[in-house]
$ cat target.tsv   # TSV, C-alpha atoms
chain	number	residue	atom	x	y	z
A	2	MET	CA	12.42	33.65	53.44
A	3	THR	CA	10.38	36.73	52.70
A	4	ASP	CA	9.57	37.05	49.02
A	5	ALA	CA	8.96	40.79	49.10
A	6	THR	CA	11.89	43.17	48.69
A	7	PRO	CA	12.43	44.94	52.03
A	8	GLN	CA	12.41	48.71	52.19
A	9	ALA	CA	15.22	50.44	54.12
A	10	ALA	CA	13.28	50.53	57.40
A	11	ASP	CA	12.22	46.91	57.01
A	12	ALA	CA	15.72	45.59	56.27
A	13	VAL	CA	16.68	45.47	59.94
A	14	ARG	CA	13.55	43.82	61.32
A	15	PRO	CA	14.61	41.22	63.89
A	16	ASN	CA	11.98	38.73	62.79
A	17	ARG	CA	13.50	38.66	59.29
A	18	ALA	CA	16.91	37.80	60.73
A	19	MET	CA	15.25	35.14	62.89
A	20	MET	CA	13.58	33.58	59.85
A	21	GLU	CA	16.81	33.58	57.83
A	22	ARG	CA	18.26	31.27	60.50
A	23	ASP	CA	15.11	29.12	60.92
A	24	ARG	CA	16.11	25.82	59.35
A	25	ALA	CA	12.94	24.04	60.53
A	26	SER	CA	10.63	26.47	58.73
A	27	ALA	CA	12.82	26.37	55.64
A	28	SER	CA	12.70	22.57	55.56
A	29	LEU	CA	8.88	22.73	55.64
A	30	GLY	CA	8.81	25.14	52.72
A	31	LEU	CA	7.08	27.89	54.70
A	32	VAL	CA	6.66	31.17	52.86
A	33	VAL	CA	6.41	34.43	54.79
A	34	GLU	CA	3.76	36.52	53.09
A	35	ARG	CA	3.65	39.36	55.65
A	36	ASP	CA	5.82	40.24	58.64
A	37	ASP	CA	4.63	43.41	60.32
A	38	PRO	CA	5.02	44.01	64.07
A	39	GLY	CA	2.13	42.19	65.74
A	40	HIS	CA	0.88	40.70	62.46
A	41	ALA	CA	2.23	37.92	60.26
A	42	VAL	CA	1.00	35.73	57.42
A	43	VAL	CA	2.76	32.47	56.53
A	44	SER	CA	1.76	29.82	54.00
A	45	MET	CA	2.66	26.17	53.45
A	46	ARG	CA	1.91	23.68	50.69
A	47	VAL	CA	1.10	20.31	52.27
A	48	ARG	CA	3.42	17.61	50.93
A	49	ASP	CA	2.86	13.83	50.92
A	50	ASP	CA	5.47	13.45	53.67
A	51	MET	CA	3.40	15.75	55.90
A	52	THR	CA	0.45	13.36	56.07
A	53	ASN	CA	-0.31	10.76	58.73
A	54	GLY	CA	-1.58	7.18	58.52
A	55	PHE	CA	-5.06	8.42	57.60
A	56	HIS	CA	-3.64	10.38	54.60
A	57	ILE	CA	-4.52	13.71	56.21
A	58	THR	CA	-2.17	16.50	57.24
A	59	HIS	CA	-0.38	15.62	60.48
A	60	GLY	CA	-1.45	18.05	63.21
A	61	GLY	CA	2.17	18.73	64.12
A	62	PHE	CA	2.73	20.41	60.75
A	63	VAL	CA	-0.37	22.57	61.15
A	64	PHE	CA	0.90	23.54	64.61
A	65	ALA	CA	4.37	24.32	63.20
A	66	LEU	CA	2.84	26.62	60.58
A	67	ALA	CA	0.76	28.48	63.19
A	68	ASP	CA	3.69	28.62	65.61
A	69	THR	CA	5.93	30.19	62.97
A	70	ALA	CA	3.38	32.92	62.21
A	71	PHE	CA	3.09	33.50	65.97
A	72	ALA	CA	6.89	33.75	66.33
A	73	ILE	CA	7.13	36.34	63.58
A	74	ALA	CA	4.27	38.42	64.96
A	75	CYS	CA	5.54	38.46	68.53
A	76	ASN	CA	9.15	39.37	67.72
A	77	GLU	CA	8.23	43.00	67.26
A	78	ASP	CA	11.50	44.70	68.26
A	79	ASP	CA	15.14	43.84	68.96
A	80	ARG	CA	14.32	41.84	72.13
A	81	VAL	CA	14.09	38.07	71.76
A	82	THR	CA	10.53	36.90	72.40
A	83	VAL	CA	9.70	33.22	72.84
A	84	ALA	CA	6.61	31.12	73.37
A	85	ALA	CA	5.47	30.72	76.96
A	86	GLY	CA	2.70	28.38	75.83
A	87	ALA	CA	0.25	27.68	73.06
A	88	ASP	CA	-3.01	25.87	72.41
A	89	ILE	CA	-4.51	24.72	69.13
A	90	SER	CA	-7.93	23.50	68.07
A	91	PHE	CA	-8.08	21.49	64.85
A	92	LEU	CA	-11.28	22.28	62.94
A	93	LYS	CA	-10.93	20.63	59.54
A	94	SER	CA	-8.60	18.05	58.04
A	95	THR	CA	-6.59	18.71	54.88
A	96	VAL	CA	-4.59	16.57	52.48
A	97	ALA	CA	-1.42	16.68	50.41
A	98	GLY	CA	-1.52	19.28	47.67
A	99	GLN	CA	-3.51	21.84	49.64
A	100	THR	CA	-2.06	25.19	50.66
A	101	LEU	CA	-2.56	26.34	54.24
A	102	THR	CA	-2.19	29.95	55.37
A	103	ALA	CA	-1.68	31.08	58.96
A	104	THR	CA	-2.50	34.65	59.98
A	105	ALA	CA	-1.21	35.79	63.37
A	106	VAL	CA	-2.52	38.89	65.13
A	107	ARG	CA	-1.46	40.45	68.43
A	108	ARG	CA	-4.37	40.60	70.88
A	109	THR	CA	-2.50	42.21	73.76
A	110	ARG	CA	1.03	42.94	74.87
A	111	SER	CA	1.77	44.16	78.37
A	112	GLY	CA	5.22	44.32	79.88
A	113	ARG	CA	7.02	41.12	78.90
A	114	SER	CA	3.87	39.10	78.14
A	115	GLY	CA	1.70	38.92	75.05
A	116	ILE	CA	-1.22	37.01	73.60
A	117	TYR	CA	-1.50	36.29	69.89
A	118	ASP	CA	-4.24	34.54	67.93
A	119	VAL	CA	-3.49	32.60	64.76
A	120	THR	CA	-6.08	31.38	62.29
A	121	VAL	CA	-5.08	28.69	59.78
A	122	VAL	CA	-7.20	28.42	56.64
A	123	ASP	CA	-7.08	26.28	53.50
A	124	GLU	CA	-6.94	27.64	49.94
A	125	LEU	CA	-10.72	28.15	49.96
A	126	GLY	CA	-10.54	30.25	53.13
A	127	ASP	CA	-12.14	27.55	55.26
A	128	PRO	CA	-10.85	27.48	58.86
A	129	VAL	CA	-8.51	24.55	59.51
A	130	ALA	CA	-7.25	25.46	63.00
A	131	GLU	CA	-7.32	28.15	65.67
A	132	PHE	CA	-4.15	28.70	67.71
A	133	ARG	CA	-3.54	30.96	70.71
A	134	GLY	CA	0.05	31.71	71.66
A	135	ARG	CA	1.33	33.27	74.84
A	136	SER	CA	4.66	35.06	74.48
A	137	ARG	CA	7.37	36.08	76.90
A	138	THR	CA	9.98	38.70	76.05
A	139	THR	CA	13.46	37.92	77.33
A	140	ASP	CA	16.33	40.20	78.29
A	141	GLN	CA	18.29	39.02	75.24
A	142	THR	CA	18.55	41.11	72.08
A	143	TYR	CA	19.31	40.14	68.50

$ encode --input "target.tsv" --output "structure tokens"
Amino acid sequence: MTDATPQAADAVRPNRAMMERDRASASLGLVVERDDPGHAVVSMRVRDDMTNGFHITHGGFVFALADTAFAIACNEDDRVTVAAGADISFLKSTVAGQTLTATAVRRTRSGRSGIYDVTVVDELGDPVAEFRGRSRTTDQTY
């Protein structure tokens, strides 16, 4: 899903392998713009079928975008890391045709737990949502 050509060191990043198997993100048309350990940027063009009965973007799709950026940022090594919980605050509605971008940043990682903040903005840079994800690293490896 990443558009950029990976360099040799990047070619084995676990989060890239994870995204290659992520059918949900692919079906939403998510584009990975950046996938560094602890930092990810993912964008999504809002389609008509992503809107609710009020003709605004369904919150579940905004959450999915933020959650995907979070997943990429928190899978920093070869250990499988999953969400332990997440909260989102919706700040501004959007409509079909707009492009949303989620930027995830690691705030802290200690032992098997981490906290990551994700900001979702529209194409003008206006905040659409703020998401906080709590991660838990498992004993499984890729």

$ atom_distance --input "target.tsv" --atom1 "atom CA of A:Val106" --atom2 "atom CA of A:Phe91"
18.3 Å

$ closest_residue --input "target.tsv" --among "A:Ser136, A:Gln99, A:Asn76, A:Ser114" --to "A:Ile57" --atoms "all atoms listed in the file"
A:Gln99

$ closest_residue --input "target.tsv" --among "A:Asp50, A:Asp118, A:Asp79, A:Asp68" --to "A:Leu31" --atoms "all atoms listed in the file"
A:Asp68

$ atom_distance --input "target.tsv" --atom1 "atom CA of A:Asp78" --atom2 "atom CA of A:Ser28"
25.5 Å

$ closest_residue --input "target.tsv" --among "A:Ala72, A:Met45, A:Val63, A:Ile89" --to "A:Asp23" --atoms "only C-alpha atoms"
A:Ala72

$ atom_distance --input "target.tsv" --atom1 "atom CA of A:Gly115" --atom2 "atom CA of A:Cys75"
7.6 Å

$ closest_residue --input "target.tsv" --among "A:Lys93, A:His40, A:Arg110, A:Ala25" --to "A:Ala65" --atoms "only C-alpha atoms"
A:Ala25

$ closest_residue --input "target.tsv" --among "A:His59, A:Arg35, A:Arg80, A:Arg135" --to "A:Ala97" --atoms "all atoms listed in the file"
A:His59

$ closest_residue --input "target.tsv" --among "A:Arg22, A:Arg46, A:Arg133, A:Arg17" --to "A:Ala87" --atoms "all atoms listed in the file"
A:Arg133

$ residues_around --input "target.tsv" --residues "A:Glu131" --least-positions-apart "3" --cutoff "12 Å" --atoms "only C-alpha atoms" --output "list in words"
Gly60, Val63, Phe64, Leu66, Ala67, Asp68, Phe71, Ala87, Asp88, Ile89, Ser90, Phe91, Leu92, Lys93, Thr102, Ala103, Thr104, Ala105, Val106, Tyr117, Asp118, Val119, Thr120, Val121, Val122, Asp127, Pro128 and Gly134 of chain A

$ residues_around --input "target.tsv" --residues "A:Asp37" --least-positions-apart "3" --cutoff "8 Å" --atoms "only C-alpha atoms" --output "list in words"
His40, Ala41, Ala74 and Glu77 of chain A

$ residues_near_point --input "target.tsv" --point "(0.2, 38.7, 53.6)" --cutoff "8 Å" --atoms "only C-alpha atoms" --output "PDB file with C-alpha atoms, in the frame of the given file"
ATOM      1  CA  VAL A  33       6.410  34.430  54.790  1.00  0.00           C
ATOM      2  CA  GLU A  34       3.760  36.520  53.090  1.00  0.00           C
ATOM      3  CA  ARG A  35       3.650  39.360  55.650  1.00  0.00           C
ATOM      4  CA  ASP A  36       5.820  40.240  58.640  1.00  0.00           C
ATOM      5  CA  ALA A  41       2.230  37.920  60.260  1.00  0.00           C
ATOM      6  CA  VAL A  42       1.000  35.730  57.420  1.00  0.00           C
ATOM      7  CA  VAL A  43       2.760  32.470  56.530  1.00  0.00           C
TER       8      VAL A  43
END

$ build_atoms --input "target.tsv" --residues "stretch 53-71 of chain A" --atoms "N, CA and C atoms" --output "PDB file, in the frame of the given file"
ATOM      1  N   ASN A  53      -0.383  11.849  57.752  1.00  0.00           N
ATOM      2  CA  ASN A  53      -0.310  10.760  58.730  1.00  0.00           C
ATOM      3  C   ASN A  53      -0.869   9.461  58.130  1.00  0.00           C
ATOM      4  N   GLY A  54      -1.089   8.484  58.969  1.00  0.00           N
ATOM      5  CA  GLY A  54      -1.580   7.180  58.520  1.00  0.00           C
ATOM      6  C   GLY A  54      -2.988   7.190  57.968  1.00  0.00           C
ATOM      7  N   PHE A  55      -3.713   8.282  58.158  1.00  0.00           N
ATOM      8  CA  PHE A  55      -5.060   8.420  57.600  1.00  0.00           C
ATOM      9  C   PHE A  55      -5.044   9.242  56.310  1.00  0.00           C
ATOM     10  N   HIS A  56      -3.825   9.586  55.823  1.00  0.00           N
ATOM     11  CA  HIS A  56      -3.640  10.380  54.600  1.00  0.00           C
ATOM     12  C   HIS A  56      -4.165  11.802  54.747  1.00  0.00           C
ATOM     13  N   ILE A  57      -4.174  12.310  55.981  1.00  0.00           N
ATOM     14  CA  ILE A  57      -4.520  13.710  56.210  1.00  0.00           C
ATOM     15  C   ILE A  57      -3.309  14.410  56.813  1.00  0.00           C
ATOM     16  N   THR A  58      -3.298  15.727  56.737  1.00  0.00           N
ATOM     17  CA  THR A  58      -2.170  16.500  57.240  1.00  0.00           C
ATOM     18  C   THR A  58      -1.955  16.227  58.719  1.00  0.00           C
ATOM     19  N   HIS A  59      -0.738  15.862  59.078  1.00  0.00           N
ATOM     20  CA  HIS A  59      -0.380  15.620  60.480  1.00  0.00           C
ATOM     21  C   HIS A  59      -0.545  16.930  61.255  1.00  0.00           C
ATOM     22  N   GLY A  60      -1.201  16.857  62.396  1.00  0.00           N
ATOM     23  CA  GLY A  60      -1.450  18.050  63.210  1.00  0.00           C
ATOM     24  C   GLY A  60      -0.192  18.792  63.613  1.00  0.00           C
ATOM     25  N   GLY A  61       0.911  18.081  63.753  1.00  0.00           N
ATOM     26  CA  GLY A  61       2.170  18.730  64.120  1.00  0.00           C
ATOM     27  C   GLY A  61       2.632  19.739  63.079  1.00  0.00           C
ATOM     28  N   PHE A  62       2.337  19.472  61.805  1.00  0.00           N
ATOM     29  CA  PHE A  62       2.730  20.410  60.750  1.00  0.00           C
ATOM     30  C   PHE A  62       1.823  21.632  60.745  1.00  0.00           C
ATOM     31  N   VAL A  63       0.547  21.439  61.037  1.00  0.00           N
ATOM     32  CA  VAL A  63      -0.370  22.570  61.150  1.00  0.00           C
ATOM     33  C   VAL A  63       0.058  23.441  62.330  1.00  0.00           C
ATOM     34  N   PHE A  64       0.419  22.800  63.441  1.00  0.00           N
ATOM     35  CA  PHE A  64       0.900  23.540  64.610  1.00  0.00           C
ATOM     36  C   PHE A  64       2.175  24.307  64.267  1.00  0.00           C
ATOM     37  N   ALA A  65       3.110  23.667  63.562  1.00  0.00           N
ATOM     38  CA  ALA A  65       4.370  24.320  63.200  1.00  0.00           C
ATOM     39  C   ALA A  65       4.119  25.562  62.340  1.00  0.00           C
ATOM     40  N   LEU A  66       3.187  25.468  61.415  1.00  0.00           N
ATOM     41  CA  LEU A  66       2.840  26.620  60.580  1.00  0.00           C
ATOM     42  C   LEU A  66       2.300  27.762  61.441  1.00  0.00           C
ATOM     43  N   ALA A  67       1.342  27.452  62.310  1.00  0.00           N
ATOM     44  CA  ALA A  67       0.760  28.480  63.190  1.00  0.00           C
ATOM     45  C   ALA A  67       1.803  29.047  64.134  1.00  0.00           C
ATOM     46  N   ASP A  68       2.661  28.193  64.673  1.00  0.00           N
ATOM     47  CA  ASP A  68       3.690  28.620  65.610  1.00  0.00           C
ATOM     48  C   ASP A  68       4.695  29.555  64.942  1.00  0.00           C
ATOM     49  N   THR A  69       4.997  29.317  63.686  1.00  0.00           N
ATOM     50  CA  THR A  69       5.930  30.190  62.970  1.00  0.00           C
ATOM     51  C   THR A  69       5.315  31.567  62.749  1.00  0.00           C
ATOM     52  N   ALA A  70       4.048  31.627  62.361  1.00  0.00           N
ATOM     53  CA  ALA A  70       3.380  32.920  62.210  1.00  0.00           C
ATOM     54  C   ALA A  70       3.361  33.662  63.539  1.00  0.00           C
ATOM     55  N   PHE A  71       3.074  32.943  64.613  1.00  0.00           N
ATOM     56  CA  PHE A  71       3.090  33.500  65.970  1.00  0.00           C
ATOM     57  C   PHE A  71       4.471  34.061  66.298  1.00  0.00           C
TER      58      PHE A  71
END
